[in-house]
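Shown next: data-v1.pdb, containing PDB, C-alpha atoms and all ligand atoms.
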ATOM      1  CA  MET U   1     -14.067 -18.145  -5.104
ATOM      2  CA  LYS U   2     -10.880 -18.539  -3.031
ATOM      3  CA  ARG U   3      -9.937 -21.721  -4.928
ATOM      4  CA  ASN U   4      -7.937 -22.501  -8.042
ATOM      5  CA  ALA U   5      -7.656 -25.341 -10.519
ATOM      6  CA  LEU U   6      -4.109 -26.404  -9.627
ATOM      7  CA  ALA U   7      -3.802 -30.183  -9.168
ATOM      8  CA  PRO U   8      -1.691 -31.526  -6.232
ATOM      9  CA  ASP U   9       1.022 -32.715  -8.641
ATOM     10  CA  GLU U  10       1.209 -29.457 -10.626
ATOM     11  CA  LEU U  11       3.479 -26.465 -10.195
ATOM     12  CA  VAL U  12       3.232 -23.108 -11.924
ATOM     13  CA  ALA U  13       6.766 -22.739 -13.257
ATOM     14  CA  ALA U  14       6.408 -19.539 -15.271
ATOM     15  CA  VAL U  15       3.983 -16.909 -16.448
ATOM     16  CA  LEU U  16       4.792 -15.649 -19.932
ATOM     17  CA  VAL U  17       3.508 -12.199 -20.869
ATOM     18  CA  VAL U  18       3.686 -10.923 -24.436
ATOM     19  CA  PRO U  19       5.065  -7.336 -24.489
ATOM     20  CA  PRO U  20       2.147  -5.002 -25.184
ATOM     21  CA  ALA U  21       1.762  -3.618 -28.702
ATOM     22  CA  GLY U  22      -0.559  -0.847 -27.521
ATOM     23  CA  PRO U  23      -1.601   1.172 -24.483
ATOM     24  CA  GLN U  24      -3.103  -0.318 -21.324
ATOM     25  CA  GLN U  25      -5.009   1.220 -18.429
ATOM     26  CA  PHE U  26      -5.993  -0.095 -14.998
ATOM     27  CA  CYS U  27      -8.589   1.470 -12.679
ATOM     28  CA  LYS U  28      -9.406   0.425  -9.142
ATOM     29  CA  ILE U  29     -11.964   1.653  -6.620
ATOM     30  CA  GLY U  30     -10.860   1.375  -3.005
ATOM     31  CA  THR U  31     -11.843   3.103   0.198
ATOM     32  CA  ARG U  32      -8.689   5.206   0.179
ATOM     33  CA  ASN U  33      -6.046   6.240  -2.334
ATOM     34  CA  ALA U  34      -3.398   3.881  -0.995
ATOM     35  CA  MET U  35      -2.750   0.161  -0.455
ATOM     36  CA  VAL U  36      -6.301  -1.137  -0.084
ATOM     37  CA  ILE U  37      -8.354  -4.102  -1.280
ATOM     38  CA  ALA U  38     -10.463  -3.412  -4.360
ATOM     39  CA  VAL U  39     -14.183  -2.725  -4.223
ATOM     40  CA  ALA U  40     -14.098  -3.129  -7.991
ATOM     41  CA  ALA U  41     -11.374  -2.986 -10.634
ATOM     42  CA  PHE U  42     -11.091  -2.857 -14.393
ATOM     43  CA  GLY U  43      -8.186  -3.362 -16.793
ATOM     44  CA  LEU U  44      -8.085  -2.553 -20.497
ATOM     45  CA  ALA U  45      -5.555  -3.328 -23.235
ATOM     46  CA  LEU U  46      -5.644  -2.050 -26.807
ATOM     47  CA  HIS U  47      -3.969  -4.359 -29.348
ATOM     48  CA  PRO U  48      -3.679  -2.265 -32.526
ATOM     49  CA  ASP U  49      -1.450  -4.918 -34.152
ATOM     50  CA  ARG U  50      -4.387  -7.331 -34.312
ATOM     51  CA  ARG U  51      -7.166  -4.763 -33.924
ATOM     52  CA  ALA U  52      -8.367  -6.334 -30.720
ATOM     53  CA  VAL U  53      -9.318  -5.167 -27.241
ATOM     54  CA  GLY U  54      -8.617  -6.978 -23.953
ATOM     55  CA  THR U  55     -10.566  -6.492 -20.752
ATOM     56  CA  GLY U  56     -10.417  -7.693 -17.143
ATOM     57  CA  ILE U  57     -12.988  -7.208 -14.384
ATOM     58  CA  GLY U  58     -11.950  -7.625 -10.744
ATOM     59  CA  SER U  59     -14.044  -7.994  -7.573
ATOM     60  CA  ALA U  60     -17.373  -7.949  -9.402
ATOM     61  CA  ALA U  61     -17.958 -11.688  -9.942
ATOM     62  CA  PRO U  62     -16.851 -14.855  -8.080
ATOM     63  CA  THR U  63     -13.674 -14.893 -10.195
ATOM     64  CA  PRO U  64     -11.853 -12.338 -12.326
ATOM     65  CA  ARG U  65     -13.511 -12.304 -15.722
ATOM     66  CA  ARG U  66     -13.315 -10.771 -19.155
ATOM     67  CA  ALA U  67     -15.965  -8.574 -20.723
ATOM     68  CA  GLY U  68     -15.638 -10.406 -24.037
ATOM     69  CA  ALA U  69     -18.763  -9.084 -25.748
ATOM     70  CA  ALA U  70     -17.898  -5.500 -24.771
ATOM     71  CA  ALA U  71     -14.344  -5.945 -26.072
ATOM     72  CA  ASP U  72     -15.551  -7.402 -29.381
ATOM     73  CA  PHE U  73     -18.085  -4.579 -29.704
ATOM     74  CA  LEU U  74     -15.435  -1.904 -29.172
ATOM     75  CA  ALA U  75     -12.923  -3.540 -31.517
ATOM     76  CA  GLY U  76     -15.611  -3.852 -34.195
ATOM     77  CA  GLU U  77     -16.662  -0.216 -33.881
ATOM     78  CA  LEU U  78     -13.040   0.977 -34.038
ATOM     79  CA  ASP U  79     -12.571  -1.136 -37.133
ATOM     80  CA  ALA U  80     -15.804  -0.063 -38.825
ATOM     81  CA  GLY U  81     -15.083   3.625 -38.210
ATOM     82  CA  GLY U  82     -11.499   3.349 -39.509
ATOM     83  CA  LEU U  83     -10.331   4.668 -36.154
ATOM     84  CA  TRP U  84      -7.358   2.331 -35.753
ATOM     85  CA  GLU U  85      -5.845   3.992 -38.858
ATOM     86  CA  SER U  86      -7.084   7.566 -38.478
ATOM     87  CA  ARG U  87      -6.522   7.764 -34.692
ATOM     88  CA  ALA U  88      -9.396  10.243 -34.685
ATOM     89  CA  ALA U  89     -11.032  11.181 -31.379
ATOM     90  CA  LEU U  90     -13.066   8.446 -29.720
ATOM     91  CA  PRO U  91     -16.789   9.231 -29.980
ATOM     92  CA  GLU U  92     -18.190   9.948 -26.493
ATOM     93  CA  GLY U  93     -21.163   7.692 -27.188
ATOM     94  CA  LEU U  94     -18.875   4.775 -28.029
ATOM     95  CA  ALA U  95     -16.953   5.065 -24.767
ATOM     96  CA  ARG U  96     -20.231   5.275 -22.849
ATOM     97  CA  GLU U  97     -21.733   2.242 -24.609
ATOM     98  CA  PHE U  98     -18.539   0.270 -23.970
ATOM     99  CA  GLY U  99     -18.890   1.125 -20.272
ATOM    100  CA  HIS U 100     -22.451  -0.149 -20.219
ATOM    101  CA  ARG U 101     -21.457  -3.395 -21.908
ATOM    102  CA  VAL U 102     -18.600  -3.976 -19.467
ATOM    103  CA  ARG U 103     -21.052  -3.448 -16.616
ATOM    104  CA  ASP U 104     -23.357  -6.049 -18.178
ATOM    105  CA  ALA U 105     -20.551  -8.638 -18.082
ATOM    106  CA  ALA U 106     -20.227  -8.419 -14.285
ATOM    107  CA  ALA U 107     -22.126 -10.453 -11.701
ATOM    108  CA  PRO U 108     -21.361  -8.855  -8.328
ATOM    109  CA  ILE U 109     -22.962  -9.405  -4.945
ATOM    110  CA  ASP U 110     -23.368  -7.151  -1.899
ATOM    111  CA  ASP U 111     -20.577  -7.774   0.608
ATOM    112  CA  VAL U 112     -18.653  -5.898   3.291
ATOM    113  CA  ARG U 113     -16.606  -4.053   0.661
ATOM    114  CA  GLY U 114     -19.463  -2.676  -1.420
ATOM    115  CA  SER U 115     -22.907  -3.220  -2.843
ATOM    116  CA  ALA U 116     -23.618  -4.938  -6.135
ATOM    117  CA  ALA U 117     -25.320  -1.780  -7.423
ATOM    118  CA  TYR U 118     -22.288   0.370  -6.628
ATOM    119  CA  ARG U 119     -19.936  -2.123  -8.286
ATOM    120  CA  LEU U 120     -22.033  -2.178 -11.469
ATOM    121  CA  HIS U 121     -22.166   1.602 -11.654
ATOM    122  CA  SER U 122     -18.462   2.001 -10.902
ATOM    123  CA  LEU U 123     -17.537  -0.538 -13.580
ATOM    124  CA  SER U 124     -19.370   1.389 -16.275
ATOM    125  CA  VAL U 125     -17.568   4.578 -15.199
ATOM    126  CA  MET U 126     -14.137   2.902 -14.941
ATOM    127  CA  ALA U 127     -14.510   1.230 -18.331
ATOM    128  CA  ARG U 128     -15.558   4.494 -19.989
ATOM    129  CA  ARG U 129     -12.618   6.330 -18.452
ATOM    130  CA  ALA U 130     -10.122   3.530 -19.159
ATOM    131  CA  VAL U 131     -10.971   3.426 -22.853
ATOM    132  CA  THR U 132     -10.860   7.228 -23.087
ATOM    133  CA  TRP U 133      -7.408   7.341 -21.471
ATOM    134  CA  ALA U 134      -6.064   4.401 -23.472
ATOM    135  CA  TRP U 135      -7.331   5.878 -26.720
ATOM    136  CA  ASP U 136      -5.695   9.217 -25.887
ATOM    137  CA  ASP U 137      -2.433   7.315 -25.272
ATOM    138  CA  TYR U 138      -2.832   5.589 -28.623
ATOM    139  CA  ARG U 139      -3.393   8.907 -30.423
ATOM    140  CA  ARG U 140      -0.386  10.508 -28.721
ATOM    141  CA  ALA U 141       1.848   7.581 -29.725
ATOM    142  CA  ALA U 142       1.270   8.276 -33.443
TER     143      ALA U 142
HETATM  144  C1  LIG R   1      -5.327  -5.895   2.101
HETATM  145  C2  LIG R   1      -5.241  -5.843   0.607
HETATM  146  C3  LIG R   1      -4.772  -4.680  -0.009
HETATM  147  C4  LIG R   1      -4.689  -4.613  -1.390
HETATM  148  N1  LIG R   1      -4.224  -3.472  -1.951
HETATM  149  C5  LIG R   1      -4.136  -3.353  -3.285
HETATM  150  C6  LIG R   1      -3.699  -2.132  -3.905
HETATM  151  O1  LIG R   1      -3.376  -1.156  -3.227
HETATM  152  N2  LIG R   1      -3.633  -2.093  -5.241
HETATM  153  C7  LIG R   1      -3.994  -3.146  -6.035
HETATM  154  O2  LIG R   1      -3.951  -3.046  -7.250
HETATM  155  N3  LIG R   1      -4.414  -4.319  -5.461
HETATM  156  C8  LIG R   1      -4.506  -4.437  -4.127
HETATM  157  N4  LIG R   1      -4.931  -5.602  -3.566
HETATM  158  C9  LIG R   1      -5.261  -6.709  -4.417
HETATM  159  C10 LIG R   1      -6.617  -6.555  -5.078
HETATM  160  O3  LIG R   1      -7.578  -6.059  -4.188
HETATM  161  C11 LIG R   1      -6.973  -7.936  -5.566
HETATM  162  O4  LIG R   1      -5.980  -8.347  -6.473
HETATM  163  C12 LIG R   1      -8.297  -7.952  -6.257
HETATM  164  O5  LIG R   1      -9.301  -7.584  -5.361
HETATM  165  C13 LIG R   1      -8.545  -9.360  -6.797
HETATM  166  O6  LIG R   1      -9.732  -9.339  -7.516
HETATM  167  P1  LIG R   1     -10.517 -10.682  -7.748
HETATM  168  O7  LIG R   1     -11.671 -10.356  -8.642
HETATM  169  O8  LIG R   1      -9.569 -11.732  -8.143
HETATM  170  O9  LIG R   1     -10.989 -11.152  -6.293
HETATM  171  P2  LIG R   1     -11.851 -10.353  -5.182
HETATM  172  O10 LIG R   1     -11.544  -8.902  -5.180
HETATM  173  O11 LIG R   1     -11.673 -11.124  -3.918
HETATM  174  O12 LIG R   1     -13.296 -10.546  -5.732
HETATM  175  C14 LIG R   1     -14.062 -11.687  -5.539
HETATM  176  C15 LIG R   1     -15.485 -11.221  -5.525
HETATM  177  O13 LIG R   1     -16.341 -12.335  -5.528
HETATM  178  C16 LIG R   1     -17.529 -11.892  -4.964
HETATM  179  N5  LIG R   1     -18.335 -13.082  -4.741
HETATM  180  C17 LIG R   1     -18.226 -14.040  -3.818
HETATM  181  N6  LIG R   1     -19.159 -14.994  -4.008
HETATM  182  C18 LIG R   1     -19.862 -14.620  -5.085
HETATM  183  C19 LIG R   1     -20.968 -15.177  -5.800
HETATM  184  N7  LIG R   1     -21.514 -16.323  -5.422
HETATM  185  N8  LIG R   1     -21.433 -14.538  -6.879
HETATM  186  C20 LIG R   1     -20.870 -13.373  -7.290
HETATM  187  N9  LIG R   1     -19.818 -12.798  -6.664
HETATM  188  C21 LIG R   1     -19.329 -13.412  -5.573
HETATM  189  C22 LIG R   1     -17.119 -11.116  -3.744
HETATM  190  O14 LIG R   1     -18.123 -10.187  -3.429
HETATM  191  C23 LIG R   1     -15.873 -10.386  -4.284
HETATM  192  O15 LIG R   1     -16.205  -9.101  -4.714
HETATM  193  C24 LIG R   1      -5.042  -5.730  -2.187
HETATM  194  C25 LIG R   1      -5.525  -6.886  -1.570
HETATM  195  C26 LIG R   1      -5.616  -6.961  -0.197
HETATM  196  C27 LIG R   1      -6.150  -8.216   0.465
END

The structure in this file should be written as structure tokens.
Ligand SMILES: Cc1cc2nc3c(=O)[nH]c(=O)nc-3n(C[C@H](O)[C@H](O)[C@H](O)COP(=O)(O)OP(=O)(O)OC[C@H]3O[C@@H](n4cnc5c(N)ncnc54)[C@H](O)[C@@H]3O)c2cc1C
Amino acid sequence: MKRNALAPDELVAAVLVVPPAGPQQFCKIGTRNAMVIAVAAFGLALHPDRRAVGTGIGSAAPTPRRAGAAADFLAGELDAGGLWESRAALPEGLAREFGHRVRDAAAPIDDVRGSAAYRLHSLSVMARRAVTWAWDDYRRAA
């Protein structure tokens, strides 16, 4: 928390980002709909080229973290159901279960910005919505 792993003789010279092959969504809870520090945040990337899912949780653990098990679960279910190819509607239960698994990857505390309980609940909602929106984007791009 509030530290990084940069050594005194190191310099970050570049950050290379691979252009996305699929849709991405970002959700943030703040106390107003404007420039404001996050109470909790969630980012999602769909990678249809390699049938993978990327996730990022903000403000709900000492550092940003991935919800790796939730991402693997979602990618596996999309694969097993043939959804990457068919682009059929995302089952409501799948989006909900993904949200629960993202929530389970977080480790928040109560602080001045929000309670741990609120952060956990909001993460499950944000993750469910993010995957629903991203999947709709994926279907529209067909
Ligand atoms: C004034 C301000 C305005 C901003 N406005 C915007 C905006 O409009 N839009 C936008 O996208 N971004 C905005 N940002 C940036 C955004 O809020 C941050 O990028 C984001 O909060 C970073 O998330 P993080 O998880 O890296 O760190 P943080 O959000 O700082 O999260 C760290 C978390 O660690 C928790 N913690 C501390 N110790 C422990 C422990 N021992 N165990 C578990 N958890 C612990 C804290 O409770 C905290 O929630 C703003 C930032 C600031 C300061």

| task | Starting from the displayed file, determine the output of the PyMOL selection byres (((chain U and resi 80-92) around 8) and not hetatm) and express the residue list as a PyMOL selection string. | result | chain U and resi 48+51+76-79+93-96+132+135-136+138-139+142

Inset, instruction - Might you pull out every residue within 12 Å of range 20-30 of chain U, with only C-alpha atoms counted and same-chain residues fewer than 5 positions away left off, and present them as a PyMOL selection string? - result: chain U and resi 35-60+84+113-114+118-142

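Taking CA of Ala61 in chain U and atom C22 of ligand LIG 1 (chain R) as the two end points, the separation is 6.3 Å.
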
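Among U:Leu16, U:Leu11, U:Ala117, U:Ala69, the residue with the shortest atom-to-atom distance to Ala105 in chain U, counting all atoms listed in the file, is U:Ala69.
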
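If you measure from each of U:Ala70, U:Val12, U:Val102, U:Arg65 to ligand LIG 1 (chain R) using all atoms listed in the file, the closest one turns out to be U:Arg65.
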
Axis-aligned box for all listed atoms of range 36-51 of chain U, 3 Å per side, centre and edges in Å to one decimal, as JSON:
{"center_x": -7.8, "center_y": -4.2, "center_z": -17.2, "size_x": 18.7, "size_y": 12.2, "size_z": 40.2}

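One distance worth recording is that between atom N8 of ligand LIG 1 (chain R) and CA of Ile109 in chain U, which is 5.7 Å.
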
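Restricting the calculation to all atoms listed in the file, the smallest distance between ligand LIG 1 (chain R) and any of U:Ala7, U:Val17, U:Ala75, U:Met1 is found for U:Met1.
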
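Interatomic distance, atom C4 of ligand LIG 1 (chain R) against CA of Lys2 in chain U: 15.3 Å.
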
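Among U:Asp111, U:Asp72, U:Glu10, U:Glu97, the residue with the shortest atom-to-atom distance to ligand LIG 1 (chain R), counting all atoms listed in the file, is U:Asp111.
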